[in-house]
Each structure stands twice: as structure tokens, then as C-alpha cells.
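data03.cif (mmCIF, C-alpha atoms)
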```cif
data_coords
#
loop_
_atom_site.label_atom_id
_atom_site.label_comp_id
_atom_site.auth_asym_id
_atom_site.auth_seq_id
_atom_site.Cartn_x
_atom_site.Cartn_y
_atom_site.Cartn_z
CA MET N 1 -68.89 14.44 -91.20
CA SER N 2 -72.61 14.93 -91.79
CA GLY N 3 -72.85 12.30 -94.53
CA ASN N 4 -73.54 14.21 -97.74
CA GLU N 5 -71.16 17.06 -97.19
CA PRO N 6 -69.05 17.62 -100.34
CA VAL N 7 -65.38 17.02 -99.74
CA GLU N 8 -62.35 17.40 -101.99
CA PRO N 9 -60.35 14.24 -102.39
CA THR N 10 -57.23 14.54 -100.26
CA GLU N 11 -55.29 11.92 -102.19
CA PRO N 12 -55.29 10.64 -105.75
CA VAL N 13 -58.33 8.55 -106.67
CA ALA N 14 -56.07 5.67 -107.67
CA ARG N 15 -52.32 5.81 -107.82
CA HIS N 16 -51.10 3.76 -110.74
CA ARG N 17 -49.06 0.65 -110.40
CA ARG N 18 -46.01 1.90 -112.24
CA PRO N 19 -44.33 -0.19 -114.88
CA ASN N 20 -40.73 0.52 -115.80
CA TYR N 21 -41.43 3.37 -118.20
CA LEU N 22 -37.85 3.44 -119.44
CA LEU N 23 -38.09 -0.22 -120.40
CA VAL N 24 -41.36 0.41 -122.26
CA PHE N 25 -39.74 3.33 -124.08
CA LEU N 26 -36.74 1.20 -125.04
CA GLY N 27 -39.09 -1.51 -126.31
CA LEU N 28 -40.95 1.01 -128.46
CA ALA N 29 -37.74 2.51 -129.84
CA ALA N 30 -36.26 -0.93 -130.60
CA LEU N 31 -39.42 -2.11 -132.36
CA THR N 32 -39.45 1.07 -134.47
CA ALA N 33 -35.83 0.50 -135.49
CA ILE N 34 -36.55 -3.15 -136.37
CA GLU N 35 -39.61 -2.09 -138.38
CA VAL N 36 -37.50 0.26 -140.50
CA ALA N 37 -34.84 -2.42 -140.97
CA VAL N 38 -37.47 -4.97 -142.07
CA THR N 39 -38.78 -2.48 -144.65
CA TYR N 40 -35.41 -2.46 -146.40
CA ALA N 41 -34.74 -6.21 -145.95
CA HIS N 42 -35.32 -8.82 -148.62
CA GLY N 43 -36.88 -12.26 -148.30
CA ILE N 44 -39.09 -11.40 -145.32
CA PRO N 45 -42.92 -11.44 -145.46
CA LYS N 46 -43.14 -7.75 -144.65
CA ALA N 47 -46.86 -7.20 -144.12
CA PRO N 48 -47.44 -9.73 -141.31
CA VAL N 49 -44.15 -8.89 -139.59
CA LEU N 50 -44.68 -5.13 -139.73
CA LEU N 51 -48.34 -5.31 -138.69
CA THR N 52 -47.46 -7.57 -135.74
CA MET N 53 -44.75 -5.17 -134.57
CA SER N 54 -47.05 -2.21 -135.01
CA LEU N 55 -49.72 -3.97 -132.94
CA ALA N 56 -47.13 -4.78 -130.25
CA LYS N 57 -46.08 -1.11 -130.07
CA ALA N 58 -49.68 0.10 -129.88
CA LEU N 59 -50.47 -2.38 -127.08
CA LEU N 60 -47.36 -1.34 -125.15
CA VAL N 61 -48.58 2.26 -125.17
CA ILE N 62 -52.19 1.34 -124.39
CA PHE N 63 -51.45 -1.09 -121.56
CA TYR N 64 -48.48 0.61 -119.91
CA PHE N 65 -48.50 4.34 -120.78
CA MET N 66 -52.30 4.60 -120.71
CA HIS N 67 -52.37 2.18 -117.72
CA LEU N 68 -55.18 0.10 -119.17
CA ARG N 69 -53.56 -3.06 -117.81
CA SER N 70 -53.99 -1.93 -114.21
CA ASP N 71 -56.94 0.46 -114.52
CA SER N 72 -60.66 -0.25 -114.29
CA ARG N 73 -62.01 -2.99 -116.58
CA TRP N 74 -64.74 -0.55 -117.60
CA PHE N 75 -62.17 1.55 -119.45
CA SER N 76 -60.91 -1.52 -121.32
CA LEU N 77 -64.46 -2.41 -122.26
CA ILE N 78 -65.23 1.10 -123.50
CA PHE N 79 -62.04 1.33 -125.51
CA PHE N 80 -61.92 -2.13 -127.08
CA VAL N 81 -65.59 -2.66 -127.99
CA PRO N 82 -65.37 -0.38 -131.07
CA PHE N 83 -62.68 -2.70 -132.45
CA LEU N 84 -65.33 -5.42 -132.77
CA LEU N 85 -66.86 -3.25 -135.48
CA VAL N 86 -63.69 -1.73 -136.83
CA ILE N 87 -61.57 -4.84 -137.47
CA PRO N 88 -64.14 -6.59 -139.71
CA MET N 89 -64.64 -3.31 -141.57
CA LEU N 90 -60.91 -2.93 -142.20
CA ILE N 91 -60.57 -6.55 -143.29
CA VAL N 92 -63.45 -6.18 -145.75
CA LEU N 93 -62.11 -2.89 -147.11
CA ARG N 94 -58.61 -4.28 -147.57
CA LEU N 95 -59.99 -7.28 -149.47
CA MET J 1 -63.88 3.70 -94.84
CA SER J 2 -67.07 1.94 -95.82
CA GLU J 3 -69.51 4.86 -95.67
CA ASN J 4 -70.63 6.67 -98.79
CA VAL J 5 -68.91 10.01 -99.21
CA THR J 6 -70.10 12.70 -101.58
CA VAL J 7 -67.30 13.86 -103.82
CA ARG J 8 -68.24 16.51 -106.33
CA GLY J 9 -71.89 15.61 -106.23
CA GLN J 10 -71.46 11.85 -106.58
CA SER J 11 -72.41 9.48 -103.83
CA GLU J 12 -70.52 6.23 -104.25
CA PRO J 13 -68.18 4.17 -102.15
CA VAL J 14 -64.85 5.95 -102.43
CA GLY J 15 -62.73 2.92 -103.32
CA ARG J 16 -64.90 1.93 -106.31
CA ARG J 17 -65.45 5.35 -107.84
CA LEU J 18 -64.60 5.98 -111.49
CA ASP J 19 -63.45 9.50 -112.16
CA ASN J 20 -65.92 11.23 -114.48
CA ARG J 21 -63.21 13.10 -116.39
CA LYS J 22 -61.28 9.93 -117.07
CA LEU J 23 -64.45 8.05 -118.03
CA GLY J 24 -65.37 10.88 -120.40
CA MET J 25 -61.95 10.79 -122.02
CA TRP J 26 -62.13 7.00 -122.57
CA ILE J 27 -65.56 7.37 -124.18
CA PHE J 28 -64.18 10.16 -126.37
CA LEU J 29 -61.22 7.96 -127.35
CA ALA J 30 -63.62 5.15 -128.28
CA THR J 31 -65.30 7.55 -130.73
CA GLU J 32 -61.87 8.53 -132.02
CA VAL J 33 -61.13 4.85 -132.69
CA MET J 34 -64.16 4.78 -134.98
CA LEU J 35 -63.18 8.04 -136.66
CA PHE J 36 -59.57 7.12 -137.37
CA SER J 37 -60.56 3.61 -138.41
CA SER J 38 -62.85 5.08 -141.04
CA LEU J 39 -60.03 7.27 -142.31
CA ILE J 40 -57.60 4.36 -142.30
CA GLY J 41 -60.18 2.23 -144.13
CA ALA J 42 -60.53 4.92 -146.78
CA PHE J 43 -56.75 5.14 -147.05
CA LEU J 44 -56.42 1.37 -147.48
CA GLN J 45 -59.00 1.49 -150.25
CA ALA J 46 -57.13 4.30 -151.98
CA LYS J 47 -53.86 2.41 -151.61
CA ALA J 48 -55.38 -0.78 -152.99
CA HIS J 49 -56.41 1.11 -156.12
CA SER J 50 -53.04 2.83 -156.57
CA PRO J 51 -49.82 1.61 -158.16
CA ALA J 52 -47.41 -0.26 -155.86
CA THR J 53 -44.98 2.64 -156.21
CA ALA J 54 -47.52 5.20 -154.95
CA ASN J 55 -45.71 5.75 -151.65
CA ASP J 56 -42.21 5.96 -153.17
CA ALA J 57 -42.26 9.74 -152.75
CA LEU J 58 -42.57 9.38 -148.98
CA ASN J 59 -39.46 9.67 -146.83
CA ILE J 60 -39.25 6.70 -144.44
CA PRO J 61 -36.23 7.90 -142.38
CA VAL J 62 -37.91 11.26 -141.69
CA ALA J 63 -41.16 9.54 -140.69
CA ALA J 64 -39.16 7.16 -138.46
CA ILE J 65 -37.54 10.12 -136.72
CA ASN J 66 -40.99 11.64 -136.23
CA THR J 67 -42.22 8.34 -134.77
CA PHE J 68 -39.30 8.36 -132.36
CA VAL J 69 -40.06 11.97 -131.38
CA LEU J 70 -43.67 11.08 -130.59
CA ILE J 71 -42.63 8.01 -128.57
CA VAL J 72 -40.25 10.15 -126.50
CA SER J 73 -43.03 12.69 -125.97
CA SER J 74 -45.35 9.93 -124.70
CA THR J 75 -42.63 8.86 -122.27
CA ALA J 76 -42.31 12.47 -121.14
CA VAL J 77 -46.06 12.59 -120.40
CA VAL J 78 -45.98 9.48 -118.19
CA MET J 79 -42.96 10.92 -116.41
CA ALA J 80 -44.93 14.16 -115.87
CA LEU J 81 -47.79 12.13 -114.39
CA SER J 82 -45.42 10.18 -112.14
CA SER J 83 -43.86 13.45 -111.00
CA ILE J 84 -47.15 15.04 -109.98
CA GLU J 85 -48.36 11.86 -108.29
CA ASP J 86 -45.20 12.10 -106.18
CA GLY J 87 -45.81 15.80 -105.56
CA ASN J 88 -42.78 16.78 -107.64
CA LYS J 89 -43.97 20.02 -109.24
CA THR J 90 -40.63 20.84 -110.85
CA GLY J 91 -40.57 17.46 -112.57
CA LEU J 92 -44.14 17.96 -113.75
CA ARG J 93 -43.33 21.36 -115.24
CA ASN J 94 -40.15 20.17 -116.94
CA PHE J 95 -41.71 17.06 -118.47
CA LEU J 96 -44.75 18.98 -119.72
CA ILE J 97 -42.47 21.56 -121.35
CA LEU J 98 -40.44 18.73 -122.90
CA THR J 99 -43.67 17.22 -124.26
CA LEU J 100 -44.62 20.59 -125.75
CA LEU J 101 -41.24 20.92 -127.45
CA LEU J 102 -41.37 17.38 -128.83
CA GLY J 103 -44.95 17.81 -130.06
CA ALA J 104 -43.97 21.06 -131.77
CA THR J 105 -40.96 19.28 -133.31
CA PHE J 106 -43.22 16.52 -134.65
CA LEU J 107 -45.59 19.05 -136.18
CA SER J 108 -42.75 21.12 -137.65
CA ILE J 109 -41.18 18.06 -139.29
CA GLN J 110 -44.57 17.10 -140.71
CA ILE J 111 -45.14 20.57 -142.14
CA ILE J 112 -41.65 20.56 -143.70
CA GLU J 113 -42.37 17.10 -145.15
CA PHE J 114 -45.68 18.30 -146.60
CA ALA J 115 -43.99 21.36 -148.14
CA HIS J 116 -41.29 19.18 -149.68
CA LEU J 117 -43.83 16.71 -151.08
CA LEU J 118 -45.93 19.52 -152.56
CA ARG J 119 -42.85 20.99 -154.25
CA GLU J 120 -42.15 17.54 -155.71
CA GLY J 121 -45.64 17.47 -157.25
CA PHE J 122 -47.15 15.07 -154.68
CA THR J 123 -50.32 17.15 -154.30
CA PRO J 124 -53.67 16.16 -152.72
CA SER J 125 -55.41 16.42 -156.08
CA GLY J 126 -52.61 14.62 -157.91
CA SER J 127 -53.71 11.09 -157.08
CA LEU J 128 -56.12 9.11 -154.96
CA PHE J 129 -53.23 7.92 -152.79
CA ALA J 130 -51.89 11.45 -152.24
CA GLY J 131 -55.35 12.76 -151.33
CA ALA J 132 -55.85 9.97 -148.80
CA PHE J 133 -52.31 10.49 -147.43
CA TYR J 134 -52.86 14.20 -146.74
CA THR J 135 -56.30 13.56 -145.25
CA VAL J 136 -55.15 10.92 -142.75
CA THR J 137 -51.81 12.48 -141.76
CA GLY J 138 -53.28 15.98 -141.76
CA PHE J 139 -56.10 14.91 -139.49
CA HIS J 140 -53.60 13.28 -137.15
CA GLY J 141 -51.46 16.43 -137.24
CA PHE J 142 -54.53 18.45 -136.28
CA HIS J 143 -54.91 16.22 -133.20
CA VAL J 144 -51.27 16.89 -132.28
CA PHE J 145 -51.97 20.61 -132.66
CA ILE J 146 -54.97 20.36 -130.30
CA GLY J 147 -52.71 18.52 -127.84
CA LEU J 148 -50.21 21.38 -128.01
CA LEU J 149 -52.98 23.87 -127.23
CA ILE J 150 -53.99 21.81 -124.18
CA LEU J 151 -50.34 21.79 -123.09
CA LEU J 152 -50.22 25.58 -123.44
CA TRP J 153 -53.15 25.63 -121.00
CA LEU J 154 -51.64 23.09 -118.59
CA ILE J 155 -48.06 24.36 -118.41
CA PRO J 156 -48.88 27.78 -116.89
CA GLN J 157 -50.91 25.95 -114.23
CA ALA J 158 -47.92 23.70 -113.54
CA ILE J 159 -45.57 26.69 -113.36
CA LYS J 160 -47.89 28.48 -110.90
CA GLY J 161 -48.08 25.30 -108.80
CA ARG J 162 -51.83 24.89 -109.22
CA LEU J 163 -51.52 21.23 -110.18
CA THR J 164 -51.05 19.24 -107.00
CA SER J 165 -50.73 15.51 -106.36
CA ALA J 166 -54.41 15.50 -105.35
CA GLU J 167 -55.35 17.29 -108.55
CA HIS J 168 -53.32 15.24 -110.98
CA MET J 169 -56.33 14.10 -113.01
CA ARG J 170 -55.97 16.91 -115.55
CA VAL J 171 -52.49 15.64 -116.38
CA GLU J 172 -53.71 12.05 -116.54
CA VAL J 173 -56.65 12.86 -118.81
CA PHE J 174 -54.40 14.91 -121.10
CA GLY J 175 -51.94 12.00 -121.08
CA LEU J 176 -54.64 9.60 -122.28
CA TYR J 177 -55.34 11.89 -125.22
CA TRP J 178 -51.65 12.33 -126.06
CA HIS J 179 -50.88 8.61 -125.86
CA PHE J 180 -53.84 7.85 -128.11
CA VAL J 181 -52.48 10.28 -130.68
CA ASP J 182 -49.18 8.40 -130.38
CA VAL J 183 -50.95 5.04 -130.91
CA VAL J 184 -52.66 6.37 -134.04
CA TRP J 185 -49.31 7.53 -135.43
CA ILE J 186 -47.72 4.14 -134.67
CA VAL J 187 -50.40 2.52 -136.84
CA LEU J 188 -50.23 5.20 -139.55
CA PHE J 189 -46.44 4.96 -139.76
CA THR J 190 -46.65 1.26 -140.56
CA ILE J 191 -49.62 1.39 -142.91
CA ILE J 192 -48.67 4.51 -144.85
CA TYR J 193 -44.89 4.54 -144.92
CA LEU J 194 -43.68 0.98 -144.39
CA LEU J 195 -46.18 -1.25 -146.20
#
```
Produce C-alpha cells that represent the structure in this file.
Amino acid sequence: MSGNEPVEPTEPVARHRRPNYLLVFLGLAALTAIEVAVTYAHGIPKAPVLLTMSLAKALLVIFYFMHLRSDSRWFSLIFFVPFLLVIPMLIVLRL
Amino acid sequence: MSENVTVRGQSEPVGRRLDNRKLGMWIFLATEVMLFSSLIGAFLQAKAHSPATANDALNIPVAAINTFVLIVSSTAVVMALSSIEDGNKTGLRNFLILTLLLGATFLSIQIIEFAHLLREGFTPSGSLFAGAFYTVTGFHGFHVFIGLLILLWLIPQAIKGRLTSAEHMRVEVFGLYWHFVDVVWIVLFTIIYLL
């Protein structure tokens, strides 16, 4: 190899550490079913419960399906930094 | 291998290299976070200034089914990625086609829901809540539609065997986009339909 000669990668840049995708799917499906059940239930503080479950579902997808848990920290930084602006904005707007 | 190797014009140690396509997609998704957050913020404002019964016209079971469809489609995409990483081209093709069918199902259900709501008098100009509802869900639906177009570009490549285990990044980058669309719907489902 001469040093700067362009070469095609012969193997994936980084093979993902694979979580149990079926388990993640089952978790997402179960949380969705519980969310719907909570909506029709009485005597439960719906907003905090539903928002917590929604956040859990979103994080399951982000960390396991999008592989952010095992991928480069740079991707996490790029993706999560906007939330530092967004969350205060949403809180202010909701109030 | 500690020497620097030039791969597609970049000279960096191989083990520490970030793929440009993936990096670009994450930056794009960060901008999408801002975009959808603005829309969600506008929706929350509209909802706060609407009667508590404003979302009574919406059909929760149908939206729940659509949520389930999108979750299954996300699972299909990770299975497609796993398949191509293992060099299983048949698995890749089948899971991408399944994703296409599920995405089309989601969009079809949404269009039918919109048509039903419009017939019931729940029109975009009818109320602040309705206008915000169609804006947010319509914009999300447009993202699903773009995802379907990308799939229509990827699937023929998968069928012809052009996507190899070494060239799986196209599937991975598409997957990031599709999963993000799923995440947005997960949030919208709760905020719009359930709360």
C-alpha cells in the first residue's frame, strides 16, 4: 500500500452491538397498550404517567433501534444538545 | 493497523473514523428535533387555548393501531440492517419490503382518518386545535411519505444485490431517519391523542 491510495472498506465501519430487538419491540408494544389503558382509567394522574411512558418508548427507540447507546458519543452530543433549547421552550409554552 | 488509510478522501485512523453519511444524518435529525419541537410547541399552545373536549373527535384506538404499525416497521428496519450486516440479502430485501408495506399502511390509515374527520366537520379552519392537529400530523405524514420514497429507491438495489455487508451504510442511514419518524409519532400520539 502506498499510503494515500484510496481503498474501499472491506468490512463494515462498525458492526453494532446488537440488543435483543424482539424484546425492545415487545417493550414498545406493551407500553403502548398500557398508555391506551391509562387513558381510559380513572383515578390516575394521567399526564405524568403518559409522558413518562412516552419518554421511555422514545428512549428505547433512540438507544436501541438507533444504536445511540453503543455508537459514537459525538452522535449523542449532536442529537441531544438541541433538547437543551427545546425543553425550556416547551415548558414555557405549556405554562 | 495503526497507519492512516485514506478511505474516500479522508485520512484518519480507521478504527476512530466517523462515517460522513451517518454524521450528516445525525446533524439533520438534530435540526428536525428543532423543527418538530416548534410544531409541538405551537400545538401545545393551541391546545391550551382550546376547550378540554377539543380532541374528543379523534379516534384513539385507530391512532393506537397506527402507533403499533410504526413500531413494527421500526423493528423491521433494524432486522433489515442486521440481515445486511450478516450478508443475508434475502432477509434485507424482505424486511425492507415489509417496512414499505407497513409505512404505506400507516399513511393510508392516516389519510382515511383525515377524510373521516373532515366529513365530521373537524376541518383545519374550524378551530385552532384542528388547524394545529392537521399541521403537526400532516407534517409527520409527509416525513413518512419521504421515507417511503427512499424505500422505493433502496428496495430495487436490495433486489439486485447491490447492497452488500460492506455497503450497509445506506440502510443504516435510512434506518436512522425512519426510527426518528417513529420517535416523533410516539410523542405525537401521547400529546395529541392521549392527553
Around all the atoms of stretch 33-40 of chain N listed in the file, with 4 Å of room on each side, what axis-aligned box do you get, giving centre and edge lengths in Å to one decimal, as JSON?
```
{"center_x": -37.2, "center_y": -2.2, "center_z": -140.9, "size_x": 12.8, "size_y": 13.5, "size_z": 18.9}
```
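Any residue of chain J with an atom within 7 Å of chain N counts; using only C-alpha atoms, that gives J:Val5, J:Thr6, J:Val7, J:Arg8, J:Gly9, J:Trp26, J:Ile27, J:Leu29, J:Ala30, J:Val33, J:Met34, J:Ser37, J:Gly41, J:Leu44, J:Gln45, J:Phe68, J:Thr75, J:Val78, J:Ser165, J:Ala166, J:Leu176, J:His179, J:Val183, J:Ile186, J:Val187, J:Thr190, J:Leu194, J:Leu195.
Distances here use all atoms listed in the file; by that measure, the residue among J:Thr99, J:Thr31, J:Asn66, J:Asn55 closest to J:Ile192 is J:Asn55.
The list of residues with at least one atom within 8 Å of stretch 107-117 of chain J, based on all atoms listed in the file and without residues fewer than 2 positions apart in the same chain, reads Ala57, Leu58, Val62, Asn66, Gly103, Ala104, Thr105, Arg119, Glu120, Gly121, Phe122, Thr123, Gly141, Val144 and Phe145 of chain J.
Note that the spacing between atom CA of J:Ile146 and atom CA of J:Ala132 amounts to 21.2 Å.
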(request) Could you list the residues chosen by the PyMOL selection byres ((chain J and resi 155) around 12) in this structure as a PyMOL selection string? (result) chain J and resi 80+89-101+148-154+156-163+170-171+174
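Note that the spacing between atom CA of J:Ala130 and atom CA of J:Leu188 amounts to 14.2 Å.
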(message) One decimal, in Å: what's the spacing between atom CA of J:Phe28 and atom CA of J:Pro124?
(response) 29.0 Å
Mind completing stretch 39-50 of chain N with N, CA and C atoms? Output as a PDB file, in the frame of the given file, please?
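As a result, part00.pdb now contains:
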```pdb
ATOM      1  N   THR N  39     -38.297  -3.115-143.416  1.00  0.00           N
ATOM      2  CA  THR N  39     -38.780  -2.480-144.650  1.00  0.00           C
ATOM      3  C   THR N  39     -37.747  -2.583-145.768  1.00  0.00           C
ATOM      4  N   TYR N  40     -36.470  -2.437-145.387  1.00  0.00           N
ATOM      5  CA  TYR N  40     -35.410  -2.460-146.400  1.00  0.00           C
ATOM      6  C   TYR N  40     -34.848  -3.870-146.634  1.00  0.00           C
ATOM      7  N   ALA N  41     -35.276  -4.843-145.834  1.00  0.00           N
ATOM      8  CA  ALA N  41     -34.740  -6.210-145.950  1.00  0.00           C
ATOM      9  C   ALA N  41     -35.428  -6.959-147.088  1.00  0.00           C
ATOM     10  N   HIS N  42     -34.752  -7.987-147.563  1.00  0.00           N
ATOM     11  CA  HIS N  42     -35.320  -8.820-148.620  1.00  0.00           C
ATOM     12  C   HIS N  42     -35.601 -10.215-148.068  1.00  0.00           C
ATOM     13  N   GLY N  43     -36.590 -10.884-148.670  1.00  0.00           N
ATOM     14  CA  GLY N  43     -36.880 -12.260-148.300  1.00  0.00           C
ATOM     15  C   GLY N  43     -37.665 -12.422-147.012  1.00  0.00           C
ATOM     16  N   ILE N  44     -38.274 -11.332-146.553  1.00  0.00           N
ATOM     17  CA  ILE N  44     -39.090 -11.400-145.320  1.00  0.00           C
ATOM     18  C   ILE N  44     -40.527 -11.055-145.691  1.00  0.00           C
ATOM     19  N   PRO N  45     -41.505 -11.831-145.210  1.00  0.00           N
ATOM     20  CA  PRO N  45     -42.920 -11.440-145.460  1.00  0.00           C
ATOM     21  C   PRO N  45     -43.244 -10.180-144.677  1.00  0.00           C
ATOM     22  N   LYS N  46     -43.128  -9.039-145.352  1.00  0.00           N
ATOM     23  CA  LYS N  46     -43.140  -7.750-144.650  1.00  0.00           C
ATOM     24  C   LYS N  46     -44.470  -7.446-143.959  1.00  0.00           C
ATOM     25  N   ALA N  47     -45.570  -7.625-144.681  1.00  0.00           N
ATOM     26  CA  ALA N  47     -46.860  -7.200-144.120  1.00  0.00           C
ATOM     27  C   ALA N  47     -47.167  -7.833-142.766  1.00  0.00           C
ATOM     28  N   PRO N  48     -47.127  -9.169-142.638  1.00  0.00           N
ATOM     29  CA  PRO N  48     -47.440  -9.730-141.310  1.00  0.00           C
ATOM     30  C   PRO N  48     -46.455  -9.331-140.223  1.00  0.00           C
ATOM     31  N   VAL N  49     -45.168  -9.256-140.588  1.00  0.00           N
ATOM     32  CA  VAL N  49     -44.150  -8.890-139.590  1.00  0.00           C
ATOM     33  C   VAL N  49     -44.364  -7.444-139.122  1.00  0.00           C
ATOM     34  N   LEU N  50     -44.532  -6.547-140.086  1.00  0.00           N
ATOM     35  CA  LEU N  50     -44.680  -5.130-139.730  1.00  0.00           C
ATOM     36  C   LEU N  50     -45.978  -4.870-138.959  1.00  0.00           C
TER      37      LEU N  50
END
```
